[in-house]
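Enquirer: Sharing a structure, written as structure tokens. Questions coming.
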Amino acid sequence: LPDLKPHRRSALCDRLGIELPIIQAPMAGVQGSALAVAVSNAGGLGSLPCALLMPDAIRGDISAITAHTSQPYNVNFFCHTAPVADAGREAWRPIIISSATTVDEARWLEAHGVDVIVAQGLEAGGHRGHFLSDDLTLQAGTFALLPQILRAVRVPVVAAGGIADAAGVAAAMALGADGVQIGTSYLLCPEATTSAVHRAALKSESARHTAVTNVLTGRPARGIVNRLIASVGPMSATVPPFPLAAAAVGPLRAKAEGQGNGDYSSLWSGQNASGCREVPAADLTRQLAERL
Ligand SMILES: Cc1cc2nc3c(=O)[nH]c(=O)nc-3n(C[C@H](O)[C@H](O)[C@H](O)COP(=O)(O)O)c2cc1C
């Protein structure tokens with residue numbers, strides 16, 4: 001495939017201090033420091049999701065990462081309100097990477113000083129990153145969204161959603177992406193903490209049927225369709241607001257999972273689970289980079 005923008009690709013690697021333009025997507029609830037360490041040590045950018053962690057746990061995981069790699073890593077948060085200036089954080093000099101699901105969101109992020117934008121297509125697994133509008137009809141697939149965001153902003157743009165193998169990585173780069181962010185494909189790696197019911201679903205035929213649903217947490221997220229989604233979703237106007245819906249379904253989920261059943265679990269997955277492999281995350285990262 002032609003390398004359309006070699007300068008932009010290396011600029012992202014230089015900016016982040018990484019060898020490969022591959023970001024392991026932060027995935028709250030299914031990973032900790034081990035996956036991040038493995039990908040950072042393999043030359044990509046490993047990520048630590050903090051959405052479900054208290055501050056002490058975040059400090060512990062960051063210590064575990066810095067003890068096992070000297071490479072850069074990504075610390076990820078769900079943001080609901082404008083951040084308050086914090087001298088301690090600014091002394092850290094972080095590079096801010098943030099997801100956009102529409103062209104308007106990408107423009108907003110650039111205007112507010114974000115360094116790198118992740119163009120999150122509708123194929124992506126897990127929660128949608130939309131923040132300017134709740135209208136899901138505004139959201140586009142990765143290869144429709146990516147070129148439009150590339151034309152709209154000047155900061156580096158990373159493609160996310162449905163990218164699951166070396167050909168997909170090369171295709172995103174050929175479209176002009178500065179890098180890729182990949183989540184679903186890492187879910188079966190031994191370093192991920194993906195639950196047994198989640199792993200079983202990803203390995204089954206049912207992984208081909210995903211939906212964007214709000215019934216599991218109160219906020220739209222893509223997961224494998226299970227009994228809960230099929231019976232009260234995928235979208236419900238009466239669901240408790242994010243994140244309260246997760247607690248509401250908690251007892252049912254715990255009882256079912258105890259019986260090896262994922263009927264009420266959050267089986268987050270993108271539309272393309274075909275890249276899931278039970279191989280070390282470093283091997284998967286190198287395979288994904290094979291056509292670069
Ligand atoms: C299990 C799972 C959990 C996720 N959790 C987060 C998260 O905590 N923070 C975040 O920014 N994105 C999260 N995402 C979304 C990813 O950042 C990314 O958009 C997505 O994984 C890319 O699409 P793919 O899954 O098709 O590779 C999650 C995705 C999955 C599959």
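Residue names in the structure tokens use chain letters A, B, ... in the order shown, residue numbers from 1 in each chain, and ligand numbers from 1 in the order shown.
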Neighbouring residues of ligand 1 are defined here as those with any atom at most 9 Å from a ligand atom, counting only C-alpha atoms and all ligand atoms; list them as a count of residues only.
Expert: 56
Enquirer: Quick one: pick out all helix (DSSP H, G or I) residues within range 177-222 of chain A from a backbone DSSP run and write them as a ChimeraX atom specification.
Expert: /A:184-186,196-203,205-208
Enquirer: List the neighbours of Val239 in chain A out to 7 Å using only C-alpha atoms; skip same-chain residues closer than 5 positions along the sequence, and give me the result as an NGL selection string.
Expert: :A and (215 or 218 or 245)
